[in-house]
Amino acid sequence: MALCVQNHANVLPTDMLNEFPGYACILGNILETTGAALSQPDCSFEMALDLAAVTTFLLEALPPIKSSSRESSTVGEDDMIIGDESVEIVLDDNLQQQITNAIDSRFLVQLTNVLFGGISTAQGSHNEGPDDKEVAAVAAACAFLHVTFNTLPLERIMTVLAYRTELVPVLWNFMKRCHQNQKWSSLPERFSFLPGDAPGWLLPLSVFCPVYKHMLMIVDNEEFYEQEKPLSLKDVRCLIVILRQALWQILWVNPSAHPSSGKFISNTSGHKKHPVEAIQSRVGTVASELLSQLQDWNNRRQFTPPSDFHADGVNDYFISQAVTEGTKAHDILKQAPFLIPFTSRVKIFTSQLASVRHRQEAHGVFTRNRFRIRRDHILEDAYNQMSALSEEDLRGLIRVTFVNEFGVEEAGIDGGGIFKDFMENITRAAFDVQYGLFKETADHLLYPNPGSGMIHEQHLQFFHFLGSLLAKAMFEGILVDIPFATFFLSKLKQKYNYLNDLPSLDPELYRHLIFLKHYKEDISGLELYFVIVNNEYGEQTEEELLPGGKNIRVTNENVITFIHLVSNHRLNFQIRQQSTHFLRGFQQLMRKEWIDMFNEHELQLLISGSLDSLDVDDLRQNTNYAGGYHGEHYVIDMFWEVLKSFSLENQKKFLKFVTGCSRGPLLGFKYLEPLFCIQRAAGSASEEALDRLPTSATCMNLLKLPPYGSKEQLETKLLYAINADAGFDLS
């Protein structure tokens, strides 16, 4: 059969009934026989190759077999083509059960043992490429597992392949040597059912990626970073390069299938239509998912430069295309944004925001809302007046008049600068842990207070309001100094948090859970149950992690489930309501597709700008002068020397004084609108004028600087001005 079935499909028995297709019946019987054959000590390598080839061919003809908890990455289509008509094939339940039961953990272990038995996974010399036997073994195993992944429920087989077979080390050793020799072995068509000119990395990646990704879901930080399991960090860096290059080939250089297309179509003879395109689509998906996951690991603790994730071919043409929906570049931006450098994605993001604002202005949609806000009641006044704003109102101009503690309106017309000042001050007040809506981690990073409802009756409405406020700041390009915890930023991306995110919230709990994971004795003796104790403001409550959890003891068999349920409770469940309402407010202005362009670390930079010191030289290169000042003026030279000598804290205060924001533009000061300007203060020739303080107009990013006679005087006056914190009366 292995020799003739591929080109002579008519050797298969005819169908007796629709629910008993001939190929499916013979497949079930062969799989049962194969299980017996593989268990024989004298089962040869050649026999295993033939068995894999035949079962692969027959499996490929099956419609996907669904489970109760179908994984999202598996194929969701089960239509088959007969002539021009689409007919849904439904196998008999017993026949379906025979096939799924045959491919059990024992079968998978035995098949991979026989195929990989003579292949070394030792880290030796990589000068020699794989020999014919290794290529045949890899082709047979990958072809069988590829069609198995597309046919059977993944959750039944992933853990077995990851932890009870040599699949990952063998495939990695094969791929690594091919990559280092810059020559990918062509897989024999007899086993792979792919044409000879198909890329040699295609089939191995379609299998390696989902299995290795499954392993990464289970390993903890110590295993990944310290013990370097399941791959060394050096090998992970090499893997990132392989994945990046393969993904770029699939999505940009040679895209024979649309990246979002995951549909596999069969006919009754078992031949897939366009098998290369089907596998390319599959690899495009699983490689993107794996690279995204590896980027998360790199963000937790950097082991490779972020640029290692960037494709080599991203140029100005690609960026110009990526802005336009429906283009190939735009599809890549959605599926694999990490291939594009961060600064390029920021430019795309800002151009998308500008386009929305321009469209609204062109249609006269923008509204203008004015609000009178007391500085000492900024959050309450803002919430009472602004929380009911519609999405259209939020997109429009919002202007603020501040009232000081004496009830007097502060001087100054809001041309945008006062609103920037308002945004910085209200976010500082709202996200202050003293207010009770947010808590901070040991690293002083913010996340929603699980007990916020015990302090504020309308806490969920406040979270919705704060989400819309943060979105408004980003929409207007205003940076705000709010350091969020990564696991909360994940909620803005609608992502789920796992065990490895727990150290950022509760490092002590994480250490306890890792202790349990590696505990060698009888865990049931520790008297732990599937419950967790919450302690908010001195009030202790006990919650079950599973129905009846207070009666379910933690054992060595269920400890991994317990660990992940505890992590889920702390990282996802406890803050679900607060996060959901915050996200609803946030999405009033920030589209999901915009936020999905960035990972959590990058999202924090979009919100707050860089934590690095102020680049004074960059600011100087992008500064205009007025009122008689110029770049070579002695007062200007003194000013730049003074600003360079300031501490980072005072540099941030200076920036806030002149621009209304303590952080500079993410891409540099040439993107500050309008450009920073230093103007000679009017009437500044007299001695009285030299006693005046520098003033500013933040809406124009303008500093009005008297011509002080010495560097010491300039420094004293400037420091006094930026530390006065007197609102806009000073100007």
# chains A, B, ... in the order shown; residues from 1 in each chain; ligands from 1
$ closest_atom_pairs --of "segment 602-701 of chain A" --to "segment 717-720 of chain A" --cutoff "10 Å" --atoms "only C-alpha atoms" --output "CSV"
residue,atom,partner,partner_atom,distance
A:Phe639,CA,A:Leu718,CA,9.2
A:Val642,CA,A:Leu718,CA,9.1
A:Leu643,CA,A:Leu718,CA,9.2
A:Phe646,CA,A:Leu719,CA,9.0
A:Asn650,CA,A:Leu719,CA,7.7
A:Gln651,CA,A:Leu719,CA,9.8
A:Lys653,CA,A:Leu719,CA,9.1
A:Phe654,CA,A:Leu719,CA,8.3
A:Leu690,CA,A:Lys717,CA,9.5
A:Asp691,CA,A:Lys717,CA,8.2
A:Arg692,CA,A:Lys717,CA,7.9
A:Leu693,CA,A:Lys717,CA,5.6
A:Pro694,CA,A:Leu718,CA,6.2
A:Thr695,CA,A:Leu718,CA,9.0
$ atom_distance --atom1 "atom CA of Met217 of chain A" --atom2 "atom CA of Cys142 of chain A"
21.7 Å
$ residues_around --residues "Gly118 of chain A" --least-positions-apart "5" --cutoff "10 Å" --atoms "only C-alpha atoms" --output "PDB file with N, CA and C atoms, in the first residue's frame"
ATOM      1  N   PHE A  45      12.750  -0.299  11.055  1.00  0.00           N
ATOM      2  CA  PHE A  45      12.631   1.115  10.705  1.00  0.00           C
ATOM      3  C   PHE A  45      11.818   1.261   9.416  1.00  0.00           C
ATOM      4  N   ASN A 113       9.546   6.228  18.838  1.00  0.00           N
ATOM      5  CA  ASN A 113      10.716   5.457  19.289  1.00  0.00           C
ATOM      6  C   ASN A 113      11.343   4.677  18.142  1.00  0.00           C
ATOM      7  N   LYS A 133      18.563   8.526   6.203  1.00  0.00           N
ATOM      8  CA  LYS A 133      17.703   7.853   7.176  1.00  0.00           C
ATOM      9  C   LYS A 133      17.026   8.872   8.093  1.00  0.00           C
ATOM     10  N   GLU A 134      17.788   9.853   8.567  1.00  0.00           N
ATOM     11  CA  GLU A 134      17.220  10.875   9.451  1.00  0.00           C
ATOM     12  C   GLU A 134      16.181  11.715   8.714  1.00  0.00           C
ATOM     13  N   ALA A 137      13.037   9.681   8.455  1.00  0.00           N
ATOM     14  CA  ALA A 137      12.361   9.575   9.752  1.00  0.00           C
ATOM     15  C   ALA A 137      11.621  10.863  10.086  1.00  0.00           C
TER      16      ALA A 137
END
$ residues_around --residues "Gly664 of chain A" --least-positions-apart "4" --cutoff "8 Å" --atoms "only C-alpha atoms" --output "NGL selection string"
:A and (479 or 609-610 or 614 or 655 or 668-669 or 672)
$ residues_around --residues "Ile242 of chain A" --least-positions-apart "6" --cutoff "9 Å" --atoms "only C-alpha atoms" --output "list in words"
Met175, Lys176, His179 and Trp201 of chain A
$ closest_residue --among "A:Phe573, A:Tyr163, A:Tyr23, A:Phe349" --to "Pro450 of chain A" --atoms "only C-alpha atoms"
A:Phe573
$ select_by_dssp --residues "segment 425-610 of chain A" --states "alpha helix (DSSP H)" --output "ChimeraX atom specification"
/A:425-430,459-475,486-492,507-517,559-568,576-586,592-595,600-608
$ residues_around --residues "Asn425 of chain A" --least-positions-apart "4" --cutoff "8 Å" --atoms "only C-alpha atoms" --output "PDB file with N, CA and C atoms, in the first residue's frame"
ATOM      1  N   ILE A 378     -10.096  67.404  41.471  1.00  0.00           N
ATOM      2  CA  ILE A 378      -9.968  67.173  40.032  1.00  0.00           C
ATOM      3  C   ILE A 378     -10.666  65.894  39.582  1.00  0.00           C
ATOM      4  N   ASP A 421      -1.969  69.475  30.898  1.00  0.00           N
ATOM      5  CA  ASP A 421      -1.720  69.573  32.337  1.00  0.00           C
ATOM      6  C   ASP A 421      -2.826  68.858  33.116  1.00  0.00           C
ATOM      7  N   ALA A 429      -3.955  61.600  40.135  1.00  0.00           N
ATOM      8  CA  ALA A 429      -4.902  61.487  41.248  1.00  0.00           C
ATOM      9  C   ALA A 429      -5.662  60.164  41.191  1.00  0.00           C
TER      10      ALA A 429
END
$ closest_residue --among "A:Val241, A:Ile279, A:Leu3, A:Met158" --to "Ser105 of chain A" --atoms "only C-alpha atoms"
A:Met158
